[in-house]
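Shown here: start.txt, compact mmCIF, C-alpha atoms.
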```txt
# COMPACT_ATOMS: atom_id res chain seq x y z
CA MET A 226 8.84 37.03 57.45
CA LEU A 227 10.88 34.15 56.01
CA ASN A 228 13.33 32.52 58.37
CA HIS A 229 16.74 31.08 57.48
CA LYS A 230 15.37 27.53 57.36
CA SER A 231 12.75 28.51 54.78
CA LEU A 232 15.34 30.25 52.65
CA LEU A 233 17.68 27.27 52.90
CA GLY A 234 14.89 24.84 52.05
CA GLY A 235 13.92 26.91 49.01
CA ALA A 236 17.51 27.05 47.81
CA VAL A 237 17.91 23.28 48.16
CA ALA A 238 14.66 22.68 46.28
CA ALA A 239 15.77 25.02 43.49
CA MET A 240 19.11 23.22 43.24
CA LEU A 241 17.38 19.83 43.06
CA VAL A 242 15.10 21.06 40.26
CA LEU A 243 18.08 22.49 38.37
CA SER A 244 20.03 19.27 38.85
CA ALA A 245 17.11 17.17 37.57
CA THR A 246 16.68 19.48 34.59
CA MET A 247 20.36 19.22 33.70
CA ALA A 248 20.30 15.44 34.09
CA SER A 249 17.28 15.26 31.81
CA ALA A 250 19.01 17.44 29.22
CA GLN A 251 22.05 15.19 29.35
CA GLN A 252 20.02 11.98 29.00
CA LYS A 253 21.37 10.00 26.10
CA PHE A 254 18.71 9.01 23.57
CA ILE A 255 18.27 7.90 20.00
CA VAL A 256 15.35 8.17 17.62
CA ILE A 257 14.34 4.99 15.84
CA ALA A 258 12.06 5.23 12.79
CA SER A 259 10.34 1.88 12.76
CA THR A 260 7.51 -0.04 11.21
CA THR A 261 4.29 0.08 13.23
CA SER A 262 4.33 -3.68 13.83
CA THR A 263 7.32 -3.54 16.18
CA GLU A 264 5.38 -1.17 18.42
CA GLN A 265 1.78 -2.35 17.95
CA SER A 266 2.79 -5.96 18.57
CA GLY A 267 4.19 -4.93 21.96
CA LEU A 268 7.74 -6.03 21.05
CA PHE A 269 9.36 -2.65 21.68
CA GLY A 270 7.61 -2.34 25.03
CA HIS A 271 9.25 -5.65 25.93
CA ILE A 272 12.81 -5.18 24.68
CA LEU A 273 13.61 -1.45 24.77
CA PRO A 274 13.63 -1.09 28.58
CA ARG A 275 16.24 -3.87 28.67
CA PHE A 276 18.45 -1.99 26.23
CA THR A 277 18.08 1.27 28.16
CA GLN A 278 18.84 -0.44 31.47
CA LYS A 279 22.02 -1.93 30.03
CA THR A 280 23.31 1.13 28.15
CA GLY A 281 21.64 4.17 29.69
CA VAL A 282 20.42 5.15 26.21
CA GLU A 283 16.73 6.00 25.94
CA VAL A 284 14.92 5.08 22.73
CA ARG A 285 12.29 7.36 21.21
CA VAL A 286 10.27 5.51 18.59
CA VAL A 287 8.64 7.07 15.54
CA ALA A 288 6.25 4.31 14.45
CA GLN A 289 5.38 4.56 10.75
CA GLY A 290 4.85 2.41 7.74
CA THR A 291 8.17 1.15 6.36
CA GLY A 292 8.11 3.53 3.37
CA GLN A 293 7.62 6.56 5.60
CA ALA A 294 10.16 5.28 8.15
CA LEU A 295 12.76 5.02 5.38
CA LYS A 296 11.86 8.55 4.27
CA THR A 297 12.32 9.76 7.85
CA GLY A 298 15.79 8.21 7.85
CA GLU A 299 16.57 9.67 4.43
CA ASN A 300 15.68 13.12 5.76
CA GLY A 301 18.00 12.66 8.75
CA ASP A 302 15.13 12.77 11.24
CA ALA A 303 16.15 9.50 12.92
CA ASP A 304 19.35 7.83 14.02
CA VAL A 305 18.30 4.24 13.31
CA VAL A 306 15.78 2.66 10.93
CA PHE A 307 14.12 -0.67 11.84
CA VAL A 308 11.77 -1.93 9.11
CA HIS A 309 10.59 -4.96 7.10
CA ASP A 310 10.89 -4.54 3.36
CA PRO A 311 14.23 -6.09 2.27
CA ALA A 312 14.01 -4.76 -1.30
CA ALA A 313 13.36 -1.18 -0.12
CA GLU A 314 16.06 -1.50 2.55
CA LYS A 315 18.58 -2.57 -0.09
CA LYS A 316 17.73 0.48 -2.22
CA PHE A 317 18.02 2.71 0.85
CA VAL A 318 21.54 1.45 1.56
CA GLU A 319 22.63 1.52 -2.09
CA ALA A 320 21.47 5.15 -2.33
CA GLY A 321 23.79 5.97 0.56
CA HIS A 322 21.09 6.75 3.13
CA GLY A 323 21.89 3.90 5.51
CA VAL A 324 24.92 1.95 6.70
CA GLU A 325 25.60 -1.15 8.80
CA HIS A 326 22.48 -2.91 7.56
CA ARG A 327 21.74 -6.14 9.42
CA GLN A 328 18.93 -8.66 9.35
CA VAL A 329 17.49 -9.05 12.83
CA MET A 330 14.42 -11.27 13.03
CA TYR A 331 11.43 -12.61 11.13
CA ASN A 332 7.86 -13.69 11.53
CA ASP A 333 5.18 -14.15 8.89
CA PHE A 334 2.15 -12.57 7.33
CA VAL A 335 -1.31 -14.14 7.51
CA ILE A 336 -4.60 -13.44 5.79
CA VAL A 337 -7.38 -12.83 8.27
CA GLY A 338 -11.03 -12.62 7.37
CA PRO A 339 -14.58 -13.22 8.62
CA LYS A 340 -15.44 -16.65 9.95
CA GLY A 341 -18.18 -16.86 7.31
CA ASP A 342 -15.39 -16.72 4.67
CA PRO A 343 -17.40 -15.63 1.58
CA ALA A 344 -14.39 -16.18 -0.73
CA LYS A 345 -13.88 -19.74 0.60
CA ILE A 346 -10.14 -19.41 1.23
CA GLY A 347 -9.98 -20.90 4.72
CA GLY A 348 -7.32 -23.55 5.28
CA SER A 349 -5.46 -22.80 2.05
CA LYS A 350 -1.67 -22.57 2.09
CA ASP A 351 -1.63 -20.96 -1.37
CA VAL A 352 -1.81 -17.22 -0.74
CA VAL A 353 -1.89 -16.28 -4.43
CA ASP A 354 -4.86 -18.56 -5.08
CA ALA A 355 -6.55 -17.04 -2.04
CA TYR A 356 -6.10 -13.55 -3.49
CA LYS A 357 -7.61 -14.69 -6.80
CA LYS A 358 -10.66 -16.05 -4.96
CA ILE A 359 -11.12 -12.84 -2.94
CA ALA A 360 -11.06 -10.79 -6.15
CA ALA A 361 -13.40 -13.17 -7.97
CA ALA A 362 -15.88 -13.03 -5.09
CA LYS A 363 -15.47 -9.23 -4.82
CA ALA A 364 -15.28 -9.83 -1.08
CA PRO A 365 -14.42 -6.80 1.10
CA PHE A 366 -10.67 -6.37 1.58
CA ALA A 367 -9.03 -3.77 3.84
CA SER A 368 -5.58 -2.63 2.70
CA ARG A 369 -3.18 -0.42 4.60
CA GLY A 370 -2.51 1.58 1.43
CA ASP A 371 0.33 3.40 3.19
CA ASN A 372 3.51 2.28 1.40
CA SER A 373 4.44 0.16 4.41
CA GLY A 374 6.29 -3.15 4.31
CA THR A 375 2.99 -4.96 4.74
CA HIS A 376 1.38 -2.92 1.95
CA ALA A 377 4.34 -3.66 -0.35
CA ALA A 378 4.00 -7.38 0.39
CA GLU A 379 0.27 -7.23 -0.29
CA LEU A 380 0.78 -5.51 -3.65
CA ARG A 381 3.36 -8.12 -4.69
CA LEU A 382 0.80 -10.82 -3.96
CA TRP A 383 -1.97 -9.09 -5.94
CA LYS A 384 0.46 -8.80 -8.86
CA ALA A 385 1.32 -12.49 -8.60
CA ALA A 386 -2.42 -13.24 -8.63
CA GLY A 387 -2.84 -11.17 -11.81
CA VAL A 388 -5.21 -8.74 -10.10
CA ASP A 389 -4.98 -4.97 -10.60
CA VAL A 390 -6.84 -3.66 -7.57
CA LYS A 391 -6.73 -0.10 -8.89
CA THR A 392 -9.07 -1.06 -11.70
CA ALA A 393 -10.77 -4.22 -10.41
CA GLY A 394 -11.21 -3.25 -6.76
CA ALA A 395 -14.09 -0.79 -7.05
CA GLY A 396 -16.70 -1.49 -4.40
CA TRP A 397 -14.78 -4.13 -2.44
CA TYR A 398 -11.14 -2.98 -2.04
CA ARG A 399 -10.58 -0.26 0.56
CA GLU A 400 -7.30 1.47 1.34
CA THR A 401 -7.20 2.87 4.87
CA GLY A 402 -3.96 4.86 4.53
CA SER A 403 -3.13 3.93 8.12
CA GLY A 404 -1.17 1.50 10.28
CA MET A 405 -1.82 -2.17 10.88
CA GLY A 406 -3.91 -1.76 14.04
CA PRO A 407 -6.35 0.77 12.54
CA THR A 408 -6.56 -1.30 9.35
CA LEU A 409 -7.49 -4.39 11.37
CA ASN A 410 -10.11 -2.31 13.15
CA THR A 411 -11.52 -1.37 9.74
CA ALA A 412 -11.47 -5.01 8.62
CA SER A 413 -13.24 -6.02 11.82
CA GLY A 414 -15.93 -3.37 11.32
CA MET A 415 -16.44 -4.34 7.66
CA ASN A 416 -16.07 -8.11 8.10
CA ALA A 417 -13.33 -7.78 5.49
CA TYR A 418 -10.21 -9.74 4.61
CA ALA A 419 -6.79 -8.24 5.35
CA LEU A 420 -3.13 -9.11 5.23
CA THR A 421 -1.39 -8.61 8.57
CA ASP A 422 1.87 -9.49 10.24
CA ARG A 423 1.29 -12.19 12.82
CA GLY A 424 2.83 -10.15 15.64
CA THR A 425 0.30 -7.33 15.40
CA TRP A 426 -2.53 -9.82 14.97
CA LEU A 427 -1.63 -11.69 18.17
CA ASN A 428 -1.67 -8.43 20.12
CA PHE A 429 -4.89 -7.20 18.46
CA LYS A 430 -7.97 -7.34 20.71
CA ASN A 431 -10.87 -6.04 18.59
CA ARG A 432 -11.14 -9.10 16.35
CA GLY A 433 -14.91 -9.37 16.10
CA GLU A 434 -15.62 -12.11 13.54
CA LEU A 435 -12.08 -12.11 12.14
CA THR A 436 -9.88 -15.18 12.27
CA ILE A 437 -6.74 -16.45 10.54
CA LEU A 438 -7.75 -18.11 7.26
CA VAL A 439 -4.51 -18.45 5.27
CA GLU A 440 -1.01 -19.09 6.65
CA GLY A 441 2.06 -21.19 6.00
CA ASP A 442 2.90 -20.17 2.41
CA GLN A 443 6.62 -19.41 2.09
CA ARG A 444 5.65 -16.22 0.23
CA LEU A 445 4.31 -14.92 3.56
CA PHE A 446 7.78 -14.86 5.14
CA ASN A 447 8.42 -11.48 6.80
CA GLN A 448 12.04 -10.38 7.41
CA TYR A 449 13.02 -7.36 9.54
CA GLY A 450 16.23 -5.35 9.19
CA VAL A 451 17.97 -2.56 11.08
CA MET A 452 20.48 0.08 9.93
CA LEU A 453 22.17 3.28 11.02
CA VAL A 454 21.25 6.46 9.18
CA ASN A 455 24.38 7.49 7.25
CA PRO A 456 26.29 10.03 9.39
CA GLN A 457 28.21 11.23 6.33
CA LYS A 458 24.94 12.63 4.98
CA HIS A 459 23.63 13.70 8.37
CA PRO A 460 26.48 14.59 10.77
CA HIS A 461 24.07 15.03 13.70
CA VAL A 462 23.26 11.30 13.73
CA LYS A 463 24.16 9.82 17.10
CA VAL A 464 26.60 7.24 15.82
CA ALA A 465 27.85 5.77 19.11
CA GLU A 466 24.37 5.41 20.60
CA GLY A 467 22.87 4.14 17.34
CA ARG A 468 25.60 1.55 16.95
CA ALA A 469 25.08 0.53 20.58
CA PHE A 470 21.45 -0.31 19.77
CA ILE A 471 22.32 -2.19 16.57
CA ASP A 472 25.05 -4.13 18.35
CA TRP A 473 22.71 -4.94 21.23
CA ILE A 474 19.73 -6.06 19.12
CA THR A 475 22.01 -8.43 17.19
CA SER A 476 23.87 -9.66 20.28
CA LYS A 477 22.89 -12.84 22.10
CA GLU A 478 21.20 -10.77 24.79
CA GLY A 479 19.13 -8.80 22.27
CA GLN A 480 18.26 -11.85 20.20
CA ASP A 481 17.22 -13.72 23.34
CA ALA A 482 15.03 -10.76 24.35
CA ILE A 483 13.24 -10.94 20.99
CA ALA A 484 12.69 -14.69 21.34
CA ALA A 485 11.37 -14.28 24.88
CA TYR A 486 8.47 -12.04 23.82
CA LYS A 487 5.31 -14.14 23.75
CA ILE A 488 1.56 -13.65 23.98
CA ASN A 489 -0.44 -16.50 25.49
CA GLY A 490 2.63 -18.69 25.13
CA GLU A 491 3.05 -17.98 21.40
CA GLN A 492 6.33 -16.46 20.18
CA LEU A 493 5.78 -13.41 17.96
CA PHE A 494 9.23 -12.88 16.40
CA PHE A 495 12.14 -15.21 15.67
CA PRO A 496 15.69 -13.81 15.87
CA ASN A 497 17.89 -14.73 12.90
CA TYR A 498 20.89 -12.38 12.89
CA LYS A 499 24.00 -13.82 11.29
CA PRO A 500 27.22 -11.83 10.83
CA GLY A 501 27.31 -10.41 7.31
CA SER A 502 23.54 -10.79 6.85
CA GLY A 503 22.92 -7.21 5.68
CA SER A 504 23.27 -5.35 2.41
```

Write the structure described by the file as structure tokens, please.
Amino acid sequence: MLNHKSLLGGAVAAMLVLSATMASAQQKFIVIASTTSTEQSGLFGHILPRFTQKTGVEVRVVAQGTGQALKTGENGDADVVFVHDPAAEKKFVEAGHGVEHRQVMYNDFVIVGPKGDPAKIGGSKDVVDAYKKIAAAKAPFASRGDNSGTHAAELRLWKAAGVDVKTAGAGWYRETGSGMGPTLNTASGMNAYALTDRGTWLNFKNRGELTILVEGDQRLFNQYGVMLVNPQKHPHVKVAEGRAFIDWITSKEGQDAIAAYKINGEQLFFPNYKPGSGS
């Protein structure tokens, strides 16, 4: 037979569970549709807890290629979009899908490839010439092929090199249709060349024979931007919480948090927000 203490203990436990459930339901959060590089580089793991600690707003990240992340925002399935394709971001804002667009930070792209370097591009600072040599050698090349910011940058470089990979790439050009990490894994397994953002590369462990072969060309500059999904199109967008994140990531505290993220002493991203820097 249950005594009064058992009944009281059970009631208290039930109340604690209910209280925790209610607190969880009331937890403020936003959804950020973001390029895979911000997550796979480890940057979000470094900065988001700081934002949550300061504001009490949890961040749930949907990591996708930039094209898909913009589509997620367009569909109203995110509150904030954080990506790296300035031309696509501008179109997104001009079409009325995003507001309060701001430039946040940058790093750069690099071409990685096998140490044997069959296309002989190592040490070059001319990325377009490097692409021409890869195509001429028909050397294996792993492409994301996912309409991401990195994929868009890669296609611009092939175009500048005068190479149509759709027709000329048979046998050596492979589209993975996946994020940067899996594409680097493919490149490592194939001993193939690939274009990658430096942040993801520095955090990538399964390098095999891959190494950085081409870097330093100004055409490899990689700018990141953030924006709020337009609440006029999607009234459920969490405007206050989304603005809190955008304000924080472009504040001195947020910019310092970005700059502080390093791997083996090497800084992965460089904050460059300036008021009025968006679309």

| message | I need every residue sitting at most 10 Å from the point (12.8, 7.3, 5.5) (coordinates as in the file, all atoms listed in the file considered), written as a VMD selection string. | response | chain A and resid 258 to 259 289 to 303 306 308 314 317 322 to 323 454

Of A:Asn332, A:Ser266, A:Ser413, A:Thr277, the one sitting nearest A:Ala469 when using all atoms listed in the file is A:Thr277

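Counting only C-alpha atoms and comparing A:Pro496, A:Val256, A:Lys363, A:Ala395, the residue that lies closest to A:Glu283 is A:Val256.
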
Computed gap from atom CA of A:Met405 to atom CA of A:Asn431 is 12.5 Å

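Ranking A:Arg423, A:Lys430, A:His326, A:Lys384 by their shortest atom-to-atom distance to A:Lys499, with all atoms listed in the file included, puts A:His326 first.
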
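Using all atoms listed in the file for every distance, the candidate list A:Gly450, A:Gly374, A:Gly433, A:Gly338 yields A:Gly374 as the residue closest to A:Gly404.
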
Review point. So, counting all atoms listed in the file, which residue among A:Val318, A:Ala386, A:Val329, A:Ala344 is closest to A:Val439?
Key: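 Answer, going by the shortest atom-to-atom distance: A:Ala344.
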
Residue neighbourhood A:Ala465, 12 Å, only C-alpha atoms, exclusion window fewer than 3 positions, as a PyMOL selection string | chain A and resi 253-255+280+282+304-305+453-454+456+461-462+468-472

Selection export as a short mmCIF file (atom, residue, chain, number, x, y, z; two decimals), in the frame of the given file, atoms kept: C-alpha atoms:
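Done, and the output landed in selection_27.cif:
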```cif
data_model
loop_
_atom_site.label_atom_id
_atom_site.label_comp_id
_atom_site.auth_asym_id
_atom_site.auth_seq_id
_atom_site.Cartn_x
_atom_site.Cartn_y
_atom_site.Cartn_z
CA LYS A 253 21.37 10.00 26.10
CA PHE A 254 18.71 9.01 23.57
CA ILE A 255 18.27 7.90 20.00
CA THR A 280 23.31 1.13 28.15
CA VAL A 282 20.42 5.15 26.21
CA ASP A 304 19.35 7.83 14.02
CA VAL A 305 18.30 4.24 13.31
CA LEU A 453 22.17 3.28 11.02
CA VAL A 454 21.25 6.46 9.18
CA PRO A 456 26.29 10.03 9.39
CA HIS A 461 24.07 15.03 13.70
CA VAL A 462 23.26 11.30 13.73
CA ARG A 468 25.60 1.55 16.95
CA ALA A 469 25.08 0.53 20.58
CA PHE A 470 21.45 -0.31 19.77
CA ILE A 471 22.32 -2.19 16.57
CA ASP A 472 25.05 -4.13 18.35
#
```

Restricting to all atoms listed in the file, whichever of A:Gly424, A:Gly370, A:Gly387, A:Gly348 is closest to A:Ser403 is A:Gly370
